[in-house]
Amino acid sequence: METEFIGIIPVIPTDSIERDTIWYKEKMGFETFFADKMYAVLFRDKLCIHLQWHSGTDEDPLLGGSVIRIYVKNILPIYNEFLQRGTITEDKFRKGTEWQTNEFGFYDLNSNAIFIMEDA
């Protein structure tokens with residue numbers, strides 16, 4: 001069985017997860033599925049937005065780049081393809097994250113983070 005690509009999820013930088021999850025609920029109707037001090041996952045119908053803490057400092061997890069999350073069904077074929085291509089190493093696969101995904105990620109040549117993920 002091949003990997004089925006379902007969509008791309010933007011990861012938007014924020015300097016306040018708590019403030020912005022409230023704003024997205026009040027102003028756009030998004031419900032919070034997961035949130036901590038560094039990251040949040042918001043849904044409305046078939047739309048999904050992720051928020052990631054960003055401050056522009058050396059400790060900033062975004063390191064000046066952007067982030068995309070590519071949502072798929074059946075992640076293992078694309079994971080194995082990217083292993084064979086040398087895009088990733090085996091240790092990049094994260095199974096059963098606390099936000100209920102299986103995923104792996106890597107950086108492009110411009111320090112943009114690209115994650116491939118599926119529901120756990």
# chains A, B, ... in the order shown; residues from 1 in each chain; ligands from 1
>>> select_by_dssp(residues="chain A", states="helix (DSSP H, G or I)", output="VMD selection string")
chain A and resid 17 to 28 76 to 85 90 to 92
>>> select_by_dssp(residues="region 19-54 of chain A", states="strand (DSSP E)", output="number ranges by chain")
A: 31-35, 39-44, 47-53
>>> residues_around(residues="region 39-46 of chain A", least_positions_apart="5", cutoff="10 Å", atoms="only C-alpha atoms", output="ChimeraX atom specification")
/A:7,9,11-14,16-18,20-21,24-25,28-34,51-54,99
>>> closest_residue(among="A:Gly96, A:Phe106, A:His50, A:Tyr71", to="Leu83 (chain A)", atoms="only C-alpha atoms")
A:Phe106
>>> atom_distance(atom1="CA of Thr3 (chain A)", atom2="CA of Asn74 (chain A)")
5.0 Å
>>> atom_distance(atom1="CA of Asp108 (chain A)", atom2="CA of Ile49 (chain A)")
21.1 Å
>>> atom_distance(atom1="CA of Phe115 (chain A)", atom2="CA of Arg69 (chain A)")
4.6 Å
